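> I have a structure I would like to understand better, so I am pasting it below and will then ask my questions one at a time.
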Amino acid sequence: MIHPDRRIAELRKLAEKVSELSRSPENLTARRLWISHNSLEKTRSPVYVRINCWPELIPEDEIVFKEGVLRSVELELRQRLYNWSLGYDFVMDPFISISAVWAGASVDELWELPVSPRLSTHEKGAWGFNPPLKEYDDIEKLRKPSYRIDDRSTEESREIVYEAVGDLLDIHIDYGGPIGISASLGVTATKLRGFEQLMLDVIDNPEWVHKLMNLLMEGHLEYMRQMEEQGKITPNHERWPFYHQPLCSDYNPNSVRLKDCWGWGESQEFDQFSPAMFDEFLLRYQLPIFELTTLNNFGCCENLNRKYPLLKTLPGLRRVSVSP
């Protein structure tokens, strides 16, 4: 077992390296590139790499903290240093980000009905949906989530991180919770109903799907408005890869609003739907959420080639990811 002092010393070495790299000329150049790119200035295309195989790249035996908020900090620092080592247009943010402690229902019960995946019998095997909406009438059991943060526990986490590395890196708290500033309606719909079943529902009972998507849309809108009313909006234009000048001319870092932020949309679960069905059953319900923010980022791992003409009409859309 590693002595606590040695663990803190190892964590501080990582933080010192991140702090040093964040001030380097190479990092400042990459940051300016992303600001220019996201401001629609003519630049070379910056390279973005998204890694999802961290257990293979950072084995468990290399991680000195096995639990708690400092484990999350250590993982983030190690991942950022690995990204930097790849030599692409990664920006080393000069801060550490920790998640606020969520006080509401668990992510799996956010909409009242529990959502649990069907796990594989093989380690790291594929999983599947185990949707709770078995019958159409089950939709009446859904309840919109409320935005709830445990401020006391969040401050305790911040103090732990500050004591360890607060003299080396600023500490930012992400108050987004399980939804954040997002229009991830497709993900939620398929978790609740199942991917294959939802594809049948749009033909067999389209009005029911509209009812479901409207409920999810209203839930997201109320959640985000509650977050804003509580003063818990986390600015996201000062972190990679979303670097940008303040999105509103009257931006006040001490009183951040939804319209000061990037929004996020996706359609991965609707990849196999036609453009018309994508528009009818997903995009039209995402638009009111997008309108709360100033700029929007759309896409992740789906093929949007046939849907791009629809996305071009989105107000404030600055980034669209199109997978080959």
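Labeling convention for the structure tokens: chains A, B, ... as they appear, residues from 1 per chain, ligands from 1 in order of appearance.
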Please provide as an NGL selection string all residues within 7 Å of segment 14-26 of chain A, with the sequence filter that same-chain residues fewer than 4 positions apart are discarded (counting only C-alpha atoms).
:A and (10 or 30 or 77 or 81 or 92-94 or 165 or 168-169)
> Please produce a file of the residues just selected, as a compact mmCIF listing (two decimals), in the first residue's frame, where the atoms kept are C-alpha atoms.

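Listed below is the output, selection-v6.txt:
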# COMPACT_ATOMS: atom_id res chain seq x y z
CA GLU A 10 2.89 11.67 -7.25
CA ALA A 30 -2.91 25.58 -30.10
CA LEU A 77 -4.20 14.63 -15.28
CA LEU A 81 -0.63 14.26 -20.36
CA MET A 92 -3.66 21.79 -21.92
CA ASP A 93 -6.23 23.70 -19.88
CA PRO A 94 -4.64 25.56 -16.92
CA VAL A 165 -2.84 20.77 -5.88
CA LEU A 168 -0.49 24.54 -8.92
CA LEU A 169 -3.79 24.56 -10.83
> Quick check for you: according to DSSP on this backbone, which residues of segment 111-294 of chain A are classed as strand (DSSP E)? Reply as a list in words.
Asp170, Ile171, His172, Ile173, Asp174, Ser182, Ala183, Trp262, Gly263, Trp264 and Gly265 of chain A
> Take the residues from that selection and put them in a file with N, CA and C atoms, as a PDB file, in the first residue's frame.

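Generated output (selection.pdb):
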ATOM      1  N   ASP A 170      -5.705  26.004 -11.014  1.00  0.00           N
ATOM      2  CA  ASP A 170      -7.018  26.482 -10.591  1.00  0.00           C
ATOM      3  C   ASP A 170      -7.982  25.300 -10.541  1.00  0.00           C
ATOM      4  N   ILE A 171      -9.004  25.426  -9.724  1.00  0.00           N
ATOM      5  CA  ILE A 171      -9.993  24.358  -9.582  1.00  0.00           C
ATOM      6  C   ILE A 171     -11.341  24.873 -10.058  1.00  0.00           C
ATOM      7  N   HIS A 172     -11.873  24.229 -11.094  1.00  0.00           N
ATOM      8  CA  HIS A 172     -13.183  24.573 -11.619  1.00  0.00           C
ATOM      9  C   HIS A 172     -14.164  23.470 -11.253  1.00  0.00           C
ATOM     10  N   ILE A 173     -15.365  23.862 -10.920  1.00  0.00           N
ATOM     11  CA  ILE A 173     -16.409  22.884 -10.593  1.00  0.00           C
ATOM     12  C   ILE A 173     -17.415  22.834 -11.731  1.00  0.00           C
ATOM     13  N   ASP A 174     -17.668  21.643 -12.235  1.00  0.00           N
ATOM     14  CA  ASP A 174     -18.670  21.431 -13.274  1.00  0.00           C
ATOM     15  C   ASP A 174     -19.992  21.107 -12.598  1.00  0.00           C
ATOM     16  N   SER A 182     -27.381  20.151 -22.528  1.00  0.00           N
ATOM     17  CA  SER A 182     -27.407  19.220 -23.649  1.00  0.00           C
ATOM     18  C   SER A 182     -28.825  18.948 -24.121  1.00  0.00           C
ATOM     19  N   ALA A 183     -28.894  18.469 -25.352  1.00  0.00           N
ATOM     20  CA  ALA A 183     -30.161  18.031 -25.943  1.00  0.00           C
ATOM     21  C   ALA A 183     -30.039  16.563 -26.312  1.00  0.00           C
ATOM     22  N   TRP A 262     -21.944  27.200 -24.961  1.00  0.00           N
ATOM     23  CA  TRP A 262     -22.179  26.251 -26.035  1.00  0.00           C
ATOM     24  C   TRP A 262     -23.249  25.262 -25.575  1.00  0.00           C
ATOM     25  N   GLY A 263     -24.138  24.876 -26.487  1.00  0.00           N
ATOM     26  CA  GLY A 263     -25.045  23.772 -26.238  1.00  0.00           C
ATOM     27  C   GLY A 263     -24.542  22.527 -26.948  1.00  0.00           C
ATOM     28  N   TRP A 264     -25.159  21.406 -26.650  1.00  0.00           N
ATOM     29  CA  TRP A 264     -24.696  20.127 -27.215  1.00  0.00           C
ATOM     30  C   TRP A 264     -25.889  19.317 -27.703  1.00  0.00           C
ATOM     31  N   GLY A 265     -25.787  18.804 -28.919  1.00  0.00           N
ATOM     32  CA  GLY A 265     -26.822  17.937 -29.463  1.00  0.00           C
ATOM     33  C   GLY A 265     -26.213  16.675 -30.033  1.00  0.00           C
TER      34      GLY A 265
END
> Which residue is closest to Gly180 of chain A? Choose from A:Tyr285, A:Trp54, A:Tyr147, A:Trp34 and count only C-alpha atoms.
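Going through A:Tyr285, A:Trp54, A:Tyr147, A:Trp34 one by one, the smallest distance to Gly180 of chain A is for A:Tyr147.
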> Nearest to Gln230 of chain A: which of A:Arg118, A:Arg158, A:Arg50, A:Arg257 is it, counting only C-alpha atoms?
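Of all the options, A:Arg257 lies closest to Gln230 of chain A.
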> From the list A:Phe270, A:Tyr251, A:Tyr223, A:Tyr308, which residue is nearest Ile289 of chain A when using only C-alpha atoms?
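For Ile289 of chain A, the nearest of the given residues is A:Tyr223.
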> Can you pull out every residue within 10 Å of Gly68 of chain A, counting only C-alpha atoms, but drop anything in the same chain fewer than 3 positions away, and send it as an mmCIF file with C-alpha atoms, in the first residue's frame?

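After the write, around06.cif holds the following:
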data_model
loop_
_atom_site.group_PDB
_atom_site.id
_atom_site.type_symbol
_atom_site.label_atom_id
_atom_site.label_comp_id
_atom_site.auth_asym_id
_atom_site.auth_seq_id
_atom_site.Cartn_x
_atom_site.Cartn_y
_atom_site.Cartn_z
ATOM 1 C CA PHE A 65 -5.511 6.757 -5.808
ATOM 2 C CA ARG A 71 -8.692 9.446 -8.098
ATOM 3 C CA SER A 72 -10.778 11.429 -10.602
ATOM 4 C CA VAL A 73 -8.212 14.226 -10.536
ATOM 5 C CA SER A 157 -14.496 17.804 -2.538
ATOM 6 C CA ILE A 160 -9.639 18.167 -0.743
#
> At what distance in Å, to one decimal, does atom CA of Ser97 of chain A lie from atom CA of Glu62 of chain A?
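Separating atom CA of Glu62 of chain A from atom CA of Ser97 of chain A is a distance of 21.1 Å.
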> When you draw a straight line from atom CA of Val209 of chain A to atom CA of Phe281 of chain A, how long is it in Å?
7.3 Å
> Write out as a ChimeraX atom specification which residues come within 10 Å of Pro275 of chain A when counting only C-alpha atoms, dropping same-chain ones fewer than 4 positions away.
/A:270-271,279-280,283,304-310
> Could you give me, as a PyMOL selection string, the residues within 10 Å of segment 188-195 of chain A, counting only C-alpha atoms and dropping anything in the same chain fewer than 5 positions from it?
chain A and resi 108+110-111+113-117+128-136+138-139+142+183+200-201+209+212-213+216+269-270+282
> Can you write out the residues you just picked, keeping N, CA and C atoms, as a compact mmCIF listing (two decimals), in the first residue's frame?

# COMPACT_ATOMS: atom_id res chain seq x y z
N ASP A 108 -29.37 6.38 -13.23
CA ASP A 108 -30.19 5.28 -13.73
C ASP A 108 -31.67 5.44 -13.39
N LEU A 110 -33.12 8.70 -13.19
CA LEU A 110 -33.33 10.13 -13.35
C LEU A 110 -34.75 10.47 -13.77
N TRP A 111 -35.37 9.59 -14.56
CA TRP A 111 -36.73 9.83 -15.05
C TRP A 111 -37.74 8.97 -14.29
N LEU A 113 -38.29 5.87 -13.62
CA LEU A 113 -38.17 4.45 -13.89
C LEU A 113 -36.70 4.06 -13.99
N PRO A 114 -36.28 2.99 -13.32
CA PRO A 114 -34.86 2.60 -13.34
C PRO A 114 -34.42 2.08 -14.71
N VAL A 115 -33.25 2.53 -15.14
CA VAL A 115 -32.67 2.08 -16.41
C VAL A 115 -31.38 1.35 -16.08
N SER A 116 -31.28 0.11 -16.45
CA SER A 116 -30.07 -0.66 -16.19
C SER A 116 -29.70 -1.43 -17.46
N PRO A 117 -28.43 -1.41 -17.85
CA PRO A 117 -28.02 -2.13 -19.05
C PRO A 117 -27.95 -3.63 -18.83
N GLY A 128 -26.18 -4.18 -23.62
CA GLY A 128 -27.40 -3.85 -24.35
C GLY A 128 -28.38 -3.12 -23.47
N PHE A 129 -29.43 -2.57 -24.07
CA PHE A 129 -30.44 -1.86 -23.30
C PHE A 129 -31.37 -2.85 -22.60
N ASN A 130 -31.83 -2.45 -21.43
CA ASN A 130 -32.86 -3.17 -20.70
C ASN A 130 -33.95 -2.16 -20.36
N PRO A 131 -34.72 -1.71 -21.35
CA PRO A 131 -35.60 -0.55 -21.20
C PRO A 131 -36.79 -0.81 -20.28
N PRO A 132 -37.15 0.19 -19.44
CA PRO A 132 -38.27 0.01 -18.51
C PRO A 132 -39.64 0.31 -19.13
N LEU A 133 -39.68 0.99 -20.27
CA LEU A 133 -40.97 1.27 -20.91
C LEU A 133 -41.38 0.04 -21.73
N LYS A 134 -41.97 -0.93 -21.06
CA LYS A 134 -42.35 -2.18 -21.73
C LYS A 134 -43.65 -2.02 -22.51
N GLU A 135 -44.59 -1.27 -21.93
CA GLU A 135 -45.89 -1.05 -22.54
C GLU A 135 -46.07 0.45 -22.78
N TYR A 136 -46.98 0.79 -23.71
CA TYR A 136 -47.20 2.20 -23.99
C TYR A 136 -47.67 2.95 -22.75
N ASP A 138 -46.77 2.66 -19.81
CA ASP A 138 -45.69 2.89 -18.85
C ASP A 138 -45.17 4.32 -18.92
N ILE A 139 -45.45 5.02 -20.00
CA ILE A 139 -44.97 6.39 -20.12
C ILE A 139 -45.54 7.28 -19.02
N LEU A 142 -43.28 8.00 -15.96
CA LEU A 142 -42.10 8.86 -16.05
C LEU A 142 -42.34 10.18 -15.33
N ALA A 183 -28.89 18.47 -25.35
CA ALA A 183 -30.16 18.03 -25.94
C ALA A 183 -30.04 16.56 -26.31
N LEU A 200 -39.51 0.60 -34.32
CA LEU A 200 -40.84 0.09 -34.66
C LEU A 200 -41.93 1.09 -34.26
N ASP A 201 -41.71 1.75 -33.11
CA ASP A 201 -42.73 2.67 -32.59
C ASP A 201 -43.01 3.83 -33.54
N VAL A 209 -44.55 8.21 -29.70
CA VAL A 209 -43.16 8.65 -29.74
C VAL A 209 -43.09 10.17 -29.59
N LEU A 212 -43.48 10.92 -25.97
CA LEU A 212 -42.25 10.63 -25.25
C LEU A 212 -41.21 11.72 -25.47
N MET A 213 -40.97 12.09 -26.72
CA MET A 213 -39.94 13.08 -27.03
C MET A 213 -40.31 14.45 -26.47
N LEU A 216 -39.42 14.36 -22.79
CA LEU A 216 -37.98 14.47 -22.59
C LEU A 216 -37.50 15.89 -22.85
N GLU A 269 -28.17 7.69 -31.82
CA GLU A 269 -29.17 6.63 -31.78
C GLU A 269 -30.15 6.73 -32.95
N PHE A 270 -30.19 7.87 -33.62
CA PHE A 270 -31.07 8.06 -34.77
C PHE A 270 -30.31 7.95 -36.09
N LEU A 282 -36.74 13.79 -33.63
CA LEU A 282 -35.64 14.19 -32.76
C LEU A 282 -35.32 15.67 -32.88
> I'd like the neighbourhood of Leu258 of chain A as a count of residues only, where a residue qualifies if any of its atoms comes within 12 Å (using only C-alpha atoms), though same-chain residues fewer than 6 positions away should be ignored.
33
> Please measure the separation of atom CA of Arg7 of chain A and atom CA of Val64 of chain A, giving the value in Å to one decimal.
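Interatomic distance, atom CA of Arg7 of chain A to atom CA of Val64 of chain A: 5.9 Å.
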> Which one is closest to Leu75 of chain A: A:Leu11, A:Met217, A:Ala126, A:Cys261? Count only C-alpha atoms.
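The closest residue to Leu75 of chain A is A:Leu11.
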> Compare A:Arg148, A:Lys141, A:Lys259, A:Lys42 by their minimum atom-to-atom distance to Pro246 of chain A, counting only C-alpha atoms, and give me the closest one.
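Smallest distance to Pro246 of chain A is found for A:Lys259.
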> Rank nothing, just name the residue among A:Asp260, A:Arg239, A:Asn214, A:Val47 nearest to Leu287 of chain A, using only C-alpha atoms.
A:Asn214
> Could you pull out the helix (DSSP H, G or I) residues of segment 144-285 of chain A, going by DSSP on the backbone, and write them as a ChimeraX atom specification?
/A:151-165,185-193,195-204,206-229,258-260,268-270,275-285
